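**Student:** Pasting final32.txt here (compact mmCIF, C-alpha atoms and all ligand atoms):
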```
# COMPACT_ATOMS: atom_id res chain seq x y z
CA MET A 240 2.43 9.66 37.81
CA LEU A 241 4.85 6.78 37.20
CA ALA A 242 6.92 7.90 40.18
CA LEU A 243 3.87 8.15 42.43
CA SER A 244 2.69 4.70 41.38
CA ALA A 245 6.09 3.14 42.00
CA HIS A 246 6.14 4.79 45.41
CA HIS A 247 2.69 3.35 46.20
CA LEU A 248 4.06 -0.08 45.32
CA GLY A 249 6.84 0.39 47.88
CA PHE A 250 9.75 1.25 45.60
CA GLU A 251 12.36 3.88 46.22
CA VAL A 252 12.11 6.08 43.15
CA HIS A 253 14.94 8.01 41.52
CA ILE A 254 14.25 10.50 38.74
CA LEU A 255 16.79 11.74 36.23
CA SER A 256 15.65 14.81 34.32
CA GLU A 257 16.98 18.10 33.11
CA ASN A 258 15.22 20.58 35.38
CA GLN A 259 14.48 20.77 39.03
CA ASP A 260 10.99 22.03 38.18
CA ASP A 261 10.00 18.94 36.21
CA PRO A 262 6.76 17.44 37.55
CA ALA A 263 8.39 14.11 38.46
CA GLN A 264 11.14 15.85 40.47
CA GLN A 265 8.48 17.48 42.64
CA VAL A 266 7.30 14.13 44.04
CA VAL A 267 10.49 12.16 44.68
CA SER A 268 13.22 12.56 47.26
CA HIS A 269 15.95 11.18 44.99
CA ALA A 270 16.32 13.86 42.35
CA HIS A 271 19.10 13.62 39.77
CA ILE A 272 19.49 16.60 37.49
CA GLY A 273 21.40 15.96 34.26
CA GLN A 274 21.36 15.96 30.50
CA LEU A 275 19.49 13.00 29.01
CA ASP A 276 21.85 12.91 26.03
CA ASP A 277 25.01 12.66 28.13
CA GLU A 278 26.41 9.13 28.14
CA GLU A 279 28.24 9.38 31.44
CA THR A 280 25.20 10.85 33.21
CA LEU A 281 23.01 8.02 31.94
CA GLU A 282 25.58 5.37 32.82
CA ASN A 283 26.03 6.64 36.37
CA PHE A 284 22.29 6.73 36.84
CA ALA A 285 21.32 3.39 35.27
CA ALA A 286 24.18 1.51 36.95
CA LYS A 287 22.67 2.24 40.36
CA MET A 288 19.07 1.24 39.57
CA ASP A 289 17.38 -2.15 39.75
CA VAL A 290 15.24 -1.22 36.77
CA THR A 291 15.17 1.88 34.57
CA THR A 292 12.41 3.15 32.30
CA PHE A 293 11.71 6.34 30.37
CA GLU A 294 8.76 8.64 30.01
CA SER A 295 9.55 10.09 26.58
CA GLU A 296 10.39 7.99 23.53
CA PHE A 297 12.48 10.75 21.99
CA LEU A 298 15.78 9.84 23.61
CA ASP A 299 18.76 8.65 21.58
CA SER A 300 18.16 4.91 21.29
CA ASP A 301 21.74 4.07 20.21
CA LEU A 302 23.04 5.92 23.24
CA LEU A 303 20.61 4.05 25.51
CA SER A 304 21.64 0.73 23.94
CA ARG A 305 25.29 1.43 24.71
CA VAL A 306 24.44 2.46 28.27
CA ALA A 307 22.34 -0.68 28.86
CA LYS A 308 25.09 -2.90 27.47
CA LYS A 309 27.88 -1.28 29.45
CA THR A 310 26.07 -1.05 32.78
CA LYS A 311 24.03 -4.28 32.31
CA ALA A 312 21.06 -2.16 33.38
CA LYS A 313 17.58 -3.54 33.01
CA LEU A 314 16.20 -0.86 30.76
CA TYR A 315 12.63 -1.23 29.49
CA PRO A 316 11.13 -0.98 26.93
CA SER A 317 14.33 -1.99 25.09
CA PRO A 318 16.19 0.84 23.35
CA ARG A 319 15.91 -1.24 20.16
CA ILE A 320 12.08 -1.21 20.06
CA MET A 321 12.00 2.35 21.33
CA GLY A 322 14.26 3.36 18.45
CA GLN A 323 12.09 1.48 15.98
CA LEU A 324 8.89 3.16 17.19
CA GLN A 325 10.29 6.68 17.70
CA ASP A 326 10.80 6.96 13.94
CA ARG A 327 7.54 6.93 11.98
CA LEU A 328 9.25 5.32 9.00
CA THR A 329 10.48 2.28 10.92
CA GLN A 330 7.24 2.18 12.94
CA LYS A 331 5.15 2.02 9.75
CA THR A 332 7.54 -0.59 8.33
CA LEU A 333 7.03 -2.74 11.43
CA LEU A 334 3.22 -2.40 11.19
CA ASP A 335 3.34 -3.38 7.51
CA LYS A 336 5.57 -6.34 8.29
CA MET A 337 3.15 -7.54 10.97
CA LYS A 338 0.23 -7.03 8.55
CA ILE A 339 -1.45 -4.61 10.94
CA PRO A 340 -3.53 -2.17 8.86
CA THR A 341 -2.34 1.44 8.83
CA ALA A 342 -2.80 4.35 6.39
CA PRO A 343 -0.82 3.92 3.14
CA TRP A 344 2.39 5.95 3.29
CA TYR A 345 5.57 7.01 1.52
CA PRO A 346 8.92 8.21 2.85
CA VAL A 347 9.53 11.86 1.92
CA ALA A 348 12.82 13.74 2.10
CA THR A 349 12.88 15.45 -1.31
CA GLN A 350 10.56 17.41 -3.60
CA GLU A 351 10.35 14.44 -6.01
CA GLN A 352 9.29 12.12 -3.21
CA ALA A 353 6.68 14.65 -2.01
CA GLU A 354 5.24 14.88 -5.53
CA LEU A 355 5.24 11.11 -5.93
CA ALA A 356 3.39 10.72 -2.62
CA ALA A 357 0.80 13.33 -3.69
CA SER A 358 0.17 11.64 -7.02
CA GLU A 359 -0.15 8.21 -5.39
CA LEU A 360 -2.11 9.15 -2.28
CA GLY A 361 -4.09 12.23 -3.43
CA TYR A 362 -5.31 15.17 -1.33
CA PRO A 363 -5.72 15.95 1.47
CA LEU A 364 -2.29 14.55 2.21
CA VAL A 365 -0.82 14.29 5.69
CA PHE A 366 2.90 14.89 6.24
CA LYS A 367 4.39 13.82 9.53
CA LYS A 368 7.90 14.41 10.81
CA ARG A 369 9.65 11.08 11.16
CA ARG A 370 10.93 11.95 14.63
CA GLY A 371 9.95 14.10 17.56
CA GLY A 372 6.32 14.87 16.66
CA TYR A 373 3.67 14.95 19.39
CA ASP A 374 0.37 16.72 20.09
CA GLY A 375 0.14 17.65 16.40
CA TYR A 376 3.56 19.35 16.36
CA GLY A 377 5.16 17.82 13.30
CA THR A 378 1.90 17.02 11.46
CA PHE A 379 0.96 19.00 8.32
CA VAL A 380 -2.26 18.54 6.36
CA ILE A 381 -1.83 19.59 2.73
CA GLN A 382 -4.98 20.33 0.74
CA ASP A 383 -3.76 20.87 -2.82
CA GLY A 384 -0.83 21.32 -5.18
CA ALA A 385 -0.23 24.95 -4.23
CA ALA A 386 -0.03 24.05 -0.55
CA LEU A 387 2.32 21.20 -1.45
CA LYS A 388 4.70 23.65 -3.12
CA ASP A 389 4.68 25.85 -0.01
CA PHE A 390 5.28 22.83 2.20
CA VAL A 391 8.23 21.66 0.10
CA LYS A 392 9.78 25.11 0.20
CA ALA A 393 9.29 25.65 3.91
CA GLN A 394 9.95 22.17 5.28
CA LEU A 395 12.05 19.95 3.06
CA GLY A 396 15.82 19.83 2.75
CA ARG A 397 16.62 20.81 6.34
CA GLU A 398 17.73 17.46 7.64
CA VAL A 399 14.16 16.74 8.71
CA SER A 400 12.59 13.76 6.99
CA PHE A 401 8.90 13.07 6.77
CA ILE A 402 6.50 10.39 5.86
CA ALA A 403 3.45 11.24 3.77
CA GLU A 404 0.26 9.47 4.75
CA LYS A 405 -3.06 9.09 3.01
CA TRP A 406 -5.84 11.13 4.59
CA VAL A 407 -8.10 8.78 6.58
CA PRO A 408 -11.81 9.71 6.62
CA PHE A 409 -12.37 8.17 10.04
CA ARG A 410 -15.72 7.90 11.84
CA ARG A 411 -14.09 8.33 15.21
CA GLU A 412 -10.69 7.93 16.84
CA LEU A 413 -10.18 5.07 19.26
CA ALA A 414 -7.35 4.04 21.52
CA CYS A 415 -6.25 1.18 23.73
CA ILE A 416 -3.50 0.65 26.27
CA PHE A 417 -1.62 -2.63 26.02
CA ALA A 418 1.00 -4.00 28.41
CA ARG A 419 3.45 -6.90 28.36
CA ASN A 420 5.66 -8.06 31.22
CA VAL A 421 9.16 -9.54 31.07
CA SER A 422 7.84 -13.15 30.98
CA GLY A 423 5.51 -12.33 28.12
CA GLU A 424 2.14 -11.99 29.85
CA ILE A 425 -0.02 -9.53 27.91
CA PHE A 426 -2.97 -7.43 29.05
CA HIS A 427 -5.00 -4.65 27.55
CA TYR A 428 -7.47 -2.21 29.03
CA PRO A 429 -10.78 -1.53 27.25
CA LEU A 430 -11.15 0.27 23.97
CA VAL A 431 -11.90 4.00 24.36
CA GLU A 432 -12.99 6.78 22.03
CA SER A 433 -10.83 9.89 21.88
CA LEU A 434 -11.55 13.32 20.48
CA GLN A 435 -8.70 15.59 19.37
CA LYS A 436 -8.81 19.35 19.36
CA ASN A 437 -6.14 20.92 17.09
CA SER A 438 -4.51 17.50 16.79
CA ARG A 439 -4.21 16.94 20.51
CA CYS A 440 -6.30 14.79 22.75
CA PHE A 441 -9.14 16.76 24.36
CA TRP A 442 -11.14 13.94 25.91
CA ILE A 443 -11.62 10.21 25.99
CA LYS A 444 -14.64 8.18 27.03
CA GLY A 445 -15.25 4.49 27.39
CA PRO A 446 -15.63 1.65 27.38
CA VAL A 447 -16.65 1.54 23.72
CA LYS A 448 -17.19 -1.42 21.44
CA HIS A 449 -15.98 -2.24 17.96
CA PRO A 450 -16.76 -5.54 16.22
CA GLY A 451 -13.21 -5.83 14.86
CA PHE A 452 -11.38 -5.09 18.09
CA ALA A 453 -10.94 -8.66 19.40
CA ALA A 454 -9.30 -9.73 16.13
CA PHE A 455 -7.14 -6.60 16.15
CA ALA A 456 -6.01 -7.22 19.74
CA ALA A 457 -5.05 -10.81 18.92
CA LYS A 458 -2.89 -9.60 16.03
CA PHE A 459 -1.39 -6.79 18.04
CA LYS A 460 -0.33 -9.18 20.80
CA LYS A 461 1.87 -10.89 18.22
CA LEU A 462 3.65 -7.61 17.53
CA LEU A 463 4.29 -7.15 21.26
CA ALA A 464 5.53 -10.72 21.66
CA GLN A 465 7.72 -10.76 18.57
CA SER A 466 9.39 -7.49 19.47
CA ASP A 467 9.87 -8.68 23.06
CA TYR A 468 8.20 -5.49 24.22
CA VAL A 469 8.17 -4.84 27.97
CA GLY A 470 5.96 -2.19 29.57
CA VAL A 471 2.86 -0.25 28.64
CA MET A 472 2.18 0.80 25.05
CA GLY A 473 -0.40 3.31 23.80
CA VAL A 474 -2.16 2.40 20.55
CA GLU A 475 -4.07 5.08 18.61
CA LEU A 476 -6.63 3.79 16.13
CA PHE A 477 -8.93 5.10 13.41
CA ASP A 478 -12.41 3.58 13.11
CA THR A 479 -13.03 3.53 9.35
CA LYS A 480 -15.54 2.05 6.90
CA LYS A 481 -12.97 -0.64 6.17
CA GLY A 482 -12.40 -1.46 9.83
CA LEU A 483 -9.84 -0.53 12.45
CA ILE A 484 -6.50 0.86 11.36
CA VAL A 485 -3.57 1.97 13.49
CA ASN A 486 -2.77 5.69 13.53
CA GLU A 487 0.34 5.45 15.69
CA LEU A 488 2.02 3.60 18.54
CA ALA A 489 3.65 5.13 21.61
CA PRO A 490 6.14 2.97 23.56
CA ARG A 491 5.16 4.38 26.95
CA VAL A 492 2.29 5.24 29.25
CA HIS A 493 -0.19 7.24 27.23
CA ASN A 494 -2.64 10.12 27.64
CA THR A 495 -5.58 7.97 26.48
CA GLY A 496 -4.84 5.67 29.43
CA HIS A 497 -4.91 8.31 32.16
CA TYR A 498 -8.49 7.32 33.01
CA THR A 499 -7.22 3.94 34.27
CA MET A 500 -5.72 5.47 37.41
CA ASP A 501 -9.18 6.13 38.85
CA THR A 502 -11.10 3.39 37.06
CA PHE A 503 -9.06 0.20 37.52
CA THR A 504 -7.59 -1.26 40.69
CA THR A 505 -4.24 -1.08 38.88
CA GLY A 506 -3.91 1.89 36.53
CA GLN A 507 -1.53 2.14 33.57
CA PHE A 508 1.32 3.71 35.57
CA GLU A 509 1.31 1.00 38.21
CA LEU A 510 0.86 -1.64 35.52
CA HIS A 511 3.94 -0.35 33.70
CA ILE A 512 6.02 -0.70 36.87
CA LYS A 513 4.64 -4.20 37.49
CA ALA A 514 5.48 -5.22 33.92
CA LEU A 515 9.10 -4.04 34.35
CA PHE A 516 9.45 -6.07 37.55
CA ASP A 517 7.86 -9.09 35.85
CA GLN A 518 4.84 -9.13 38.14
CA PRO A 519 1.46 -10.50 37.02
CA ILE A 520 -0.32 -7.79 35.06
CA LYS A 521 -3.73 -9.27 34.43
CA ASN A 522 -5.06 -8.94 37.95
CA THR A 523 -6.61 -5.53 37.62
CA LYS A 524 -10.33 -4.91 37.43
CA THR A 525 -13.04 -2.32 37.30
CA ASN A 526 -16.71 -2.11 38.14
CA ALA A 527 -17.16 1.07 36.13
CA LYS A 528 -19.91 1.12 33.53
CA GLY A 529 -18.59 4.38 32.14
CA PHE A 530 -15.61 6.66 32.51
CA ALA A 531 -14.15 9.77 30.91
CA MET A 532 -10.98 11.86 30.99
CA VAL A 533 -10.73 15.48 29.94
CA ASN A 534 -7.36 17.17 29.45
CA LEU A 535 -6.79 20.57 31.03
CA LEU A 536 -5.22 22.06 27.90
CA GLY A 537 -3.46 25.34 28.61
CA ALA A 538 -5.25 25.70 31.95
CA GLU A 539 -4.07 28.09 34.65
CA PRO A 540 -3.35 26.55 38.08
CA PRO A 541 -6.69 25.84 39.74
CA HIS A 542 -7.98 28.33 42.25
CA LYS A 543 -6.99 27.00 45.65
CA ASP A 544 -10.55 26.15 46.65
CA LEU A 545 -11.60 24.63 43.35
CA GLN A 546 -10.77 21.04 43.99
CA TRP A 547 -12.80 20.99 47.19
CA THR A 548 -15.86 22.22 45.33
CA LEU A 549 -15.73 19.96 42.29
CA ASP A 550 -18.50 17.41 41.74
CA PRO A 551 -17.71 14.43 44.02
CA SER A 552 -17.31 12.07 41.06
CA VAL A 553 -14.60 14.30 39.58
CA ARG A 554 -10.96 13.52 40.29
CA LEU A 555 -8.40 16.22 39.49
CA HIS A 556 -4.79 15.45 38.50
CA TRP A 557 -2.64 18.56 38.28
CA TYR A 558 0.91 18.01 36.99
CA GLY A 559 2.70 21.01 38.45
CA LYS A 560 4.20 22.21 35.14
CA LYS A 561 5.64 25.66 35.70
CA GLU A 562 4.26 27.37 32.63
CA ALA A 563 0.85 27.24 30.96
CA ARG A 564 1.02 27.61 27.20
CA PRO A 565 -2.01 27.45 24.89
CA GLY A 566 -2.90 23.79 24.35
CA ARG A 567 -0.29 22.48 26.78
CA LYS A 568 -1.40 19.50 28.86
CA MET A 569 -1.39 20.94 32.39
CA GLY A 570 -3.43 18.22 34.07
CA HIS A 571 -6.55 16.14 33.58
CA ILE A 572 -9.88 15.30 35.11
CA ASN A 573 -11.14 11.73 35.55
CA VAL A 574 -14.77 10.80 36.11
CA VAL A 575 -16.36 7.39 36.69
CA ASP A 576 -20.11 7.17 36.18
CA SER A 577 -23.00 4.99 35.03
CA SER A 578 -22.22 5.40 31.31
CA PRO A 579 -19.43 6.82 29.11
CA ASP A 580 -21.63 9.75 28.09
CA THR A 581 -22.74 10.76 31.58
CA ALA A 582 -19.11 10.55 32.74
CA LEU A 583 -18.01 12.79 29.87
CA LYS A 584 -20.82 15.25 30.55
CA THR A 585 -19.76 15.59 34.18
CA ALA A 586 -16.10 15.99 33.21
CA LEU A 587 -16.84 18.69 30.64
CA LYS A 588 -18.99 20.51 33.17
CA ALA A 589 -16.12 20.45 35.69
CA LEU A 590 -13.80 21.86 33.02
CA LYS A 591 -15.79 25.10 33.16
CA GLY A 592 -14.33 25.75 36.61
CA PHE A 593 -10.84 26.15 35.12
CA LYS A 594 -9.35 29.23 33.57
CA ILE A 595 -8.20 28.22 30.08
N1 LIG A 601 -3.78 10.14 8.02
C1 LIG A 601 -4.60 10.89 8.75
N2 LIG A 601 -5.85 11.17 8.31
C2 LIG A 601 -6.69 11.96 9.03
N3 LIG A 601 -6.36 12.51 10.22
C3 LIG A 601 -5.12 12.28 10.71
C4 LIG A 601 -4.18 11.45 10.01
N4 LIG A 601 -3.06 11.37 10.74
C5 LIG A 601 -3.27 12.11 11.84
N5 LIG A 601 -4.50 12.67 11.84
C6 LIG A 601 -5.08 13.53 12.91
O1 LIG A 601 -4.03 14.25 13.55
C7 LIG A 601 -3.90 13.83 14.91
C8 LIG A 601 -2.42 13.83 15.31
O2 LIG A 601 -1.69 12.95 14.48
P1 LIG A 601 -0.74 11.84 15.10
O3 LIG A 601 -0.17 11.04 13.98
O4 LIG A 601 -1.47 11.08 16.14
O5 LIG A 601 0.45 12.72 15.68
P2 LIG A 601 0.83 13.12 17.19
O6 LIG A 601 2.10 12.36 17.44
O7 LIG A 601 1.03 14.57 17.11
O8 LIG A 601 -0.29 12.68 18.10
C9 LIG A 601 -4.56 12.46 14.96
O9 LIG A 601 -5.00 12.16 16.26
C10 LIG A 601 -5.71 12.67 13.98
O10 LIG A 601 -6.76 13.41 14.57
MG MG A 602 -1.23 10.85 18.14
```
Could you take the file, read its structure, and then write that structure out as structure tokens?
**Tutor:**
Amino acid sequence: MLALSAHHLGFEVHILSENQDDPAQQVVSHAHIGQLDDEETLENFAAKMDVTTFESEFLDSDLLSRVAKKTKAKLYPSPRIMGQLQDRLTQKTLLDKMKIPTAPWYPVATQEQAELAASELGYPLVFKKRRGGYDGYGTFVIQDGAALKDFVKAQLGREVSFIAEKWVPFRRELACIFARNVSGEIFHYPLVESLQKNSRCFWIKGPVKHPGFAAFAAKFKKLLAQSDYVGVMGVELFDTKKGLIVNELAPRVHNTGHYTMDTFTTGQFELHIKALFDQPIKNTKTNAKGFAMVNLLGAEPPHKDLQWTLDPSVRLHWYGKKEARPGRKMGHINVVDSSPDTALKTALKALKGFKI
């Protein structure tokens, strides 16, 4: 979707990825196949580009730093901030430093640390892998002492470190997409509500309101500015009795922002590209009173006639991933309508046409 947006803006897009089948390779004519942890491959690629960005934050940030330095490539967001956010421990430390509320947490690598976290934070207790977790992979909810023992035995001491987080009794989950360009202009799309199914996003709807959001956004802009962040960032929030708290940050385009591509004149993918090229990012607008996005989790490829028979307000985005696994994000549906709830209703109805 980034590649398609860059193409729409008139850029010649090159993709470096590991497999020819990758969705982005299917839509560009400049395909580079290579290992993303190979220094020479990255150098050769980045040296030829005007600007380089990444779609996953789980690359080796030290390696990317070296590549950027050596090739003088414009690589955004910076490997430094990507490295800081890809590790939950340093991400939480940054949030604490910026006084942005987040669930209380402890670093956990040993049995003693796990027990300390449990006695300080109580049950249920949430363990999260410091690196590489997504869509609930890497998140463990522990209900009591017996489960803690099992967790320690099965998970600790294998070079994987965790953080332990206090369970948050949230009213609902919210999210917002922020963006900052090279000169420091900052924009954010509206606040949306998201619902997770088995720890992965099932749907979002919006716009939604929260009385504390304006103050949160003002604070969050400081984090973006101080870390010299460039590009789009996804922010996941919990709406709690005590106000908004951050669940996690993603230094990239984000699933809860997929609705923007059919709702705003400039969606998150195009906005990311504009931010990298230091273009104005505030001149995007919408007339939508309501919108929704539903993920096609584990869906089979749509029947060839399906998309011509969908409700006219439904827009299908199919990613072209080769294999459908249960819960895997295979595509999504966007709907714009007169209210968030009517949009969601239409999207969920359209979902019934898919084999899941
Ligand atoms: N501390 C918590 N308290 C309650 N629920 C949580 C907590 N942390 C995560 N969750 C639930 O698990 C989901 C996935 O956790 P998250 O930290 O966002 O990991 P991922 O990177 O897999 O998205 C969240 O969207 C939320 O529904
Ligand atoms: Mg998440």
**Student:** Within 8 Å of ligand LIG 601 (chain A), which residues of chain A show up? Give each one with its shortest atom-to-atom distance in Å (one decimal) and the two atoms involved, counting all atoms listed in the file, rows by chain then rising residue number, as a Markdown table.
**Tutor:**
```
| residue | atom | partner | partner_atom | distance |
| --- | --- | --- | --- | --- |
| A:Ala342 | CA | A:LIG601 | N1 | 6.1 |
| A:Leu364 | CA | A:LIG601 | N1 | 7.4 |
| A:Val365 | CA | A:LIG601 | N1 | 5.6 |
| A:Lys367 | CA | A:LIG601 | O3 | 7.0 |
| A:Gly372 | CA | A:LIG601 | O6 | 5.0 |
| A:Tyr373 | CA | A:LIG601 | O7 | 3.5 |
| A:Asp374 | CA | A:LIG601 | O7 | 3.7 |
| A:Gly375 | CA | A:LIG601 | O7 | 3.3 |
| A:Tyr376 | CA | A:LIG601 | O7 | 5.5 |
| A:Gly377 | CA | A:LIG601 | O7 | 6.5 |
| A:Thr378 | CA | A:LIG601 | O5 | 6.2 |
| A:Glu404 | CA | A:LIG601 | N1 | 5.2 |
| A:Lys405 | CA | A:LIG601 | N1 | 5.2 |
| A:Trp406 | CA | A:LIG601 | N2 | 3.7 |
| A:Val407 | CA | A:LIG601 | N2 | 3.7 |
| A:Pro408 | CA | A:LIG601 | C2 | 6.1 |
| A:Phe409 | CA | A:LIG601 | C2 | 6.9 |
| A:Glu412 | CA | A:LIG601 | O9 | 7.1 |
| A:Leu434 | CA | A:LIG601 | O10 | 7.6 |
| A:Gln435 | CA | A:LIG601 | O10 | 5.6 |
| A:Lys436 | CA | A:LIG601 | O10 | 7.9 |
| A:Asn437 | CA | A:LIG601 | C7 | 7.7 |
| A:Ser438 | CA | A:LIG601 | C7 | 4.2 |
| A:Arg439 | CA | A:LIG601 | O8 | 6.3 |
| A:Cys440 | CA | A:LIG601 | O9 | 7.1 |
| A:Glu475 | CA | A:LIG601 | O4 | 7.0 |
| A:Asn486 | CA | A:LIG601 | O3 | 6.0 |
| A:Glu487 | CA | A:LIG601 | O3 | 5.9 |
```
**Student:** Can you work out the spacing between atom CA of A:Gly445 and atom CA of A:Gly529 in Å, to one decimal?
**Tutor:**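 These atoms are spaced 5.8 Å apart.
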**Student:** So, counting only C-alpha atoms and all ligand atoms, which residue among A:His493, A:His253, A:Lys458, A:Lys338 is closest to ligand MG 602 (chain A)?
**Tutor:** A:His493
**Student:** Which residues come within 9 Å of A:Trp344, counting only C-alpha atoms, excluding same-chain residues fewer than 6 positions away, as a list in words?
**Tutor:**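 My reading of the contact set: Leu328, Lys331, Ala356, Leu360, Ile402, Ala403, Glu404 and Lys405 of chain A.
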**Student:** For stretch 579-594 of chain A, find every residue with an atom within 6 Å (counting only C-alpha atoms), except residues of its own chain fewer than 2 positions away, and show them as a VMD selection string.
**Tutor:** chain A and resid 444 to 445 529 to 531 538 to 539 574 to 576
